[in-house]
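Structure record follows, encoded as structure tokens.
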Amino acid sequence: MNLGTRAILYTARKWRKTLLLFCLLLSITTLVLSGLAISDAQEEQAEELRGTTGTSFTVSRNTATGGWGNGGNGSYSTQEYLTSDMMEKIVAVDGIEGYNASIRTILCLSDVNGQWLEQLEPTGHSMVDCQFYSYSCINSEYHSLFLSGALEMCDGEMLDLSFDNGIIISKEIADKHGLHVGDTIQAVNDPFSNDKTKELKIVGLFEVVADKTDERNNYNEASYYDYANNAFVSETTMKALLENYEDVGYASADFFVNDPEQLEGIIQQVQKITSINWNNFIITANDEVYERVSSSISDTGTLITTLIVVITVVSMVLIILILSMSIRSRKKEMGILLAVGIEKPAVILQYTIETLLIAVAAFPLAYLSSKQFAGMLGTLFGKTAENVIVTTQHFTLVATLGTILLIAAVLISCIPAMRLKPKEILSQME
């Protein structure tokens, strides 16, 4: 009888041991496959995070190195402002995907007939109720209120340099005054001076997602205005509205990078731009969100990897113990096989085939069960079930390594018995 037949007959005859090993291999493989799928989902989340956290750096005026002047509106810093040329040179550095800079003021808005628009909750004072906290935008897509999720566009377009006289207002204000995208309104900085009044086209409407208690809202003069009473205006229009004021310009600009991991290197490249006097400007990295979330993801990934390693090691120990006990109970059989001239490698091969026959049944079934189990297990690590996918690559890896480990387990289990000669084995059974 050849060893293959003997292996099949033995696994069938010792069905309890076979069932025990089968259940153990099924459970181990299912857990490891699920762990790999969760780990891959973790990597995908990390990759997605790298492009969605809005990681940026801010270039701002260093007022400490500038002087101070006095004007009709009080004292002001004489430090140079960021210019369009400076910002274009910075954004040209590889790895920067976009930027935004804003000039902030309070604009009085009216319809085309000169009738003042009211804030969402008016006080009854017309010259106060028509005031809206306004930002000029080079690219409103990169404005902090939109990036943070406090505001969300619901109609129309974002503002960029292609718009000369555009404005974005809240949907609540638009609904209150019967305005729509494409309509025209008027804006003036100070209606009681000789400031220009400009006509603006409503190019977009936003909805308010967060409230004023949300910690994403910075505490400044804008905090006194409900989000619905904010407005976003074209760069060229804002400069025209404020042309009567000395201290007007870009005090800072935010530059957004493609890959947060490259932020430090990109900042170093920006500081090499010799046409900018860096004594007059400060660069600040804004990667707190990425660092905080990526650290959490990294910790979870480490935990998953540790669990996979622990499961594998503990499982190997259990399998070796089970096989060792099985081989000890088969000493007489082993002695007889060796006594009739069957070589030790052939006996070991038989034991290996017996174990691999069980694995051949357990591995495919584990692949099928893990497809269902991985999603449920993934929810414990904050993953959605549909994002945790067991692939054929996972199965191939686990099946290959599992086969190697099982062969190693058989060899380790056989070491004590294989050191003995046939006569010694048989004498121990007497």
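Numbering starts fresh at 1 for the residues of each chain in the structure tokens, the chains themselves are lettered A, B, ... in the order given, and ligands are numbered from 1 as they appear.
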
Legend entry - Shell around Thr396 (chain A) at 12 Å using only C-alpha atoms, local window under 6 positions removed, as a list in words: Thr29, Leu33, Leu36, Phe363, Pro364, Tyr367, Val390, Gly402 and Thr403 of chain A

Inset, instruction - Tell me, as an MDAnalysis selection string, which residues lie within 7 Å of Ala150 (chain A), counting only C-alpha atoms; anything in the same chain fewer than 4 positions away does not count. - result: chainID A and resid 145:146 208:210

Inset, instruction - Find the distance between CA of Ser252 (chain A) and CA of Ala92 (chain A) and write it in Å to one decimal. - result: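 Distance reported for this atom pair: 17.2 Å.
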
Legend entry - Contacts of Leu25 (chain A) within 12 Å, only C-alpha atoms, excl. fewer than 6 positions in-chain, as an MDAnalysis selection string: chainID A and resid 18:19 31:33 311:312 315:316 318:319 355:367 398:399 402:403 405:406

Non-local contacts of Asp254 (chain A) (12 Å; only C-alpha atoms; under 5 positions in same chain excluded) as a CSV table (one decimal) with N, CA and C atoms, in the first residue's frame:
```csv
chain,number,residue,atom,x,y,z
A,54,GLY,N,-6.9,68.2,3.7
A,54,GLY,CA,-6.7,69.6,3.5
A,54,GLY,C,-5.4,70.1,4.1
A,55,THR,N,-4.4,69.2,4.2
A,55,THR,CA,-3.1,69.6,4.7
A,55,THR,C,-2.5,70.8,4.0
A,56,SER,N,-2.0,71.8,4.7
A,56,SER,CA,-1.6,73.0,4.0
A,56,SER,C,-0.5,73.6,4.9
A,57,PHE,N,0.0,74.7,4.3
A,57,PHE,CA,0.9,75.6,5.1
A,57,PHE,C,0.5,77.0,4.8
A,58,THR,N,0.7,77.9,5.7
A,58,THR,CA,0.3,79.3,5.6
A,58,THR,C,1.5,80.2,5.5
A,59,VAL,N,1.5,81.1,4.6
A,59,VAL,CA,2.5,82.1,4.5
A,59,VAL,C,1.8,83.4,4.9
A,60,SER,N,2.4,84.0,6.0
A,60,SER,CA,1.7,85.3,6.5
A,60,SER,C,2.8,86.3,6.7
A,82,LEU,N,1.6,90.0,0.8
A,82,LEU,CA,1.8,89.0,-0.2
A,82,LEU,C,1.2,89.5,-1.5
A,87,MET,N,2.6,84.6,-4.7
A,87,MET,CA,1.7,83.4,-4.5
A,87,MET,C,1.8,82.5,-5.7
A,90,ILE,N,5.0,80.5,-5.4
A,90,ILE,CA,4.9,79.5,-4.4
A,90,ILE,C,4.1,78.3,-4.9
A,91,VAL,N,3.0,78.6,-5.6
A,91,VAL,CA,2.1,77.5,-6.0
A,91,VAL,C,2.7,76.7,-7.2
A,96,ILE,N,2.2,71.2,-4.7
A,96,ILE,CA,1.2,72.1,-4.2
A,96,ILE,C,0.0,72.0,-5.2
A,97,GLU,N,-1.2,71.7,-4.8
A,97,GLU,CA,-2.3,71.5,-5.7
A,97,GLU,C,-3.2,72.8,-5.8
A,98,GLY,N,-3.1,73.7,-4.9
A,98,GLY,CA,-3.9,74.9,-5.0
A,98,GLY,C,-3.7,75.8,-3.8
A,99,TYR,N,-4.3,77.0,-3.8
A,99,TYR,CA,-4.1,77.9,-2.8
A,99,TYR,C,-5.3,78.9,-2.7
A,100,ASN,N,-5.4,79.6,-1.6
A,100,ASN,CA,-6.4,80.6,-1.4
A,100,ASN,C,-5.9,81.7,-0.5
A,101,ALA,N,-6.3,82.9,-0.8
A,101,ALA,CA,-6.0,84.0,0.1
A,101,ALA,C,-7.2,84.9,0.1
A,102,SER,N,-7.5,85.5,1.3
A,102,SER,CA,-8.7,86.3,1.4
A,102,SER,C,-8.4,87.7,2.0
A,137,CYS,N,-11.9,85.9,-2.5
A,137,CYS,CA,-11.4,84.5,-2.7
A,137,CYS,C,-10.6,84.4,-4.0
A,138,ILE,N,-9.4,83.9,-3.9
A,138,ILE,CA,-8.7,83.5,-5.1
A,138,ILE,C,-9.3,82.1,-5.6
A,139,ASN,N,-9.6,81.3,-4.6
A,139,ASN,CA,-10.2,80.0,-4.9
A,139,ASN,C,-11.0,79.6,-3.7
A,140,SER,N,-12.4,79.8,-3.8
A,140,SER,CA,-13.2,79.5,-2.6
A,140,SER,C,-13.2,78.1,-2.2
A,141,GLU,N,-12.9,77.2,-3.1
A,141,GLU,CA,-12.8,75.7,-2.8
A,141,GLU,C,-11.9,75.5,-1.7
A,142,TYR,N,-10.8,76.3,-1.6
A,142,TYR,CA,-9.8,76.1,-0.5
A,142,TYR,C,-10.0,77.0,0.7
A,143,HIS,N,-11.2,77.6,0.8
A,143,HIS,CA,-11.5,78.4,1.9
A,143,HIS,C,-11.7,77.5,3.1
A,144,SER,N,-11.2,77.9,4.3
A,144,SER,CA,-11.3,77.0,5.5
A,144,SER,C,-12.7,76.7,5.9
A,147,LEU,N,-13.6,73.8,3.4
A,147,LEU,CA,-12.7,72.6,3.7
A,147,LEU,C,-13.1,72.0,5.0
A,282,ILE,N,6.3,84.6,7.5
A,282,ILE,CA,6.4,83.4,8.3
A,282,ILE,C,5.6,82.3,7.7
A,283,ILE,N,6.2,81.1,7.7
A,283,ILE,CA,5.5,79.9,7.2
A,283,ILE,C,5.1,79.0,8.3
A,284,THR,N,3.8,78.6,8.3
A,284,THR,CA,3.3,77.8,9.4
A,284,THR,C,2.7,76.5,8.8
A,285,ALA,N,3.1,75.4,9.2
A,285,ALA,CA,2.5,74.1,8.7
A,285,ALA,C,1.2,73.9,9.4
A,286,ASN,N,0.2,73.4,8.6
A,286,ASN,CA,-1.2,73.2,9.1
A,286,ASN,C,-1.5,71.7,8.9
```

Legend entry - Atom-to-atom span, CA of Thr352 (chain A) and CA of Phe395 (chain A), Å: 20.9 Å

Inset, instruction - Grab the CA of Leu21 (chain A) to CA of Gly378 (chain A) distance for me, in Å with one decimal place. - result: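 Taking CA of Leu21 (chain A) and CA of Gly378 (chain A), their separation equals 26.2 Å.
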
Inset, instruction - Find the spatial neighbours of Phe232 (chain A), counting only C-alpha atoms, within a cut-off of 12 Å - ignore same-chain residues fewer than 6 positions away - and output them as a VMD selection string. - result: chain A and resid 101 to 107 132 to 141 143 145 to 146 151 153 157 to 160 163 165 to 170 187 200 to 206 238

Legend entry - Near-Lys14 (chain A) list (12 Å; only C-alpha atoms; drop same-chain fewer than 5 positions) as number ranges by chain: A: 6-9, 19-21, 326, 329-330, 354, 358

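Compared by their closest atoms to Ile185 (chain A), and using only C-alpha atoms, the residues A:Ala251, A:Leu161, A:Val112, A:Leu401 rank with A:Val112 nearest.
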
Inset, instruction - Name the closest residue to Ala41 (chain A) among the candidates A:Leu411, A:Leu368, A:Val388, A:Val128; distances are taken between atoms, counting only C-alpha atoms. - result: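 Looking at the shortest contact to Ala41 (chain A), the residue is A:Val388.
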
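Candidate residues A:Val93, A:Val310, A:Ile407, A:Cys23 were compared for distance to Gln350 (chain A), and the nearest is A:Ile407, using only C-alpha atoms.
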
Inset, instruction - Identify all residues of region 89-133 of chain A in helix (DSSP H, G or I) (DSSP on the backbone) and supply them as a PyMOL selection string. - result: chain A and resi 89-91+126-129

Inset, instruction - Identify all residues of region 97-291 of chain A in strand (DSSP E or B) (DSSP on the backbone) and supply them as a VMD selection string. - result: chain A and resid 97 to 100 104 to 111 116 131 to 137 139 151 to 156 160 166 to 170 184 to 188 197 to 208 230 to 234 250 252 to 257 281 to 286
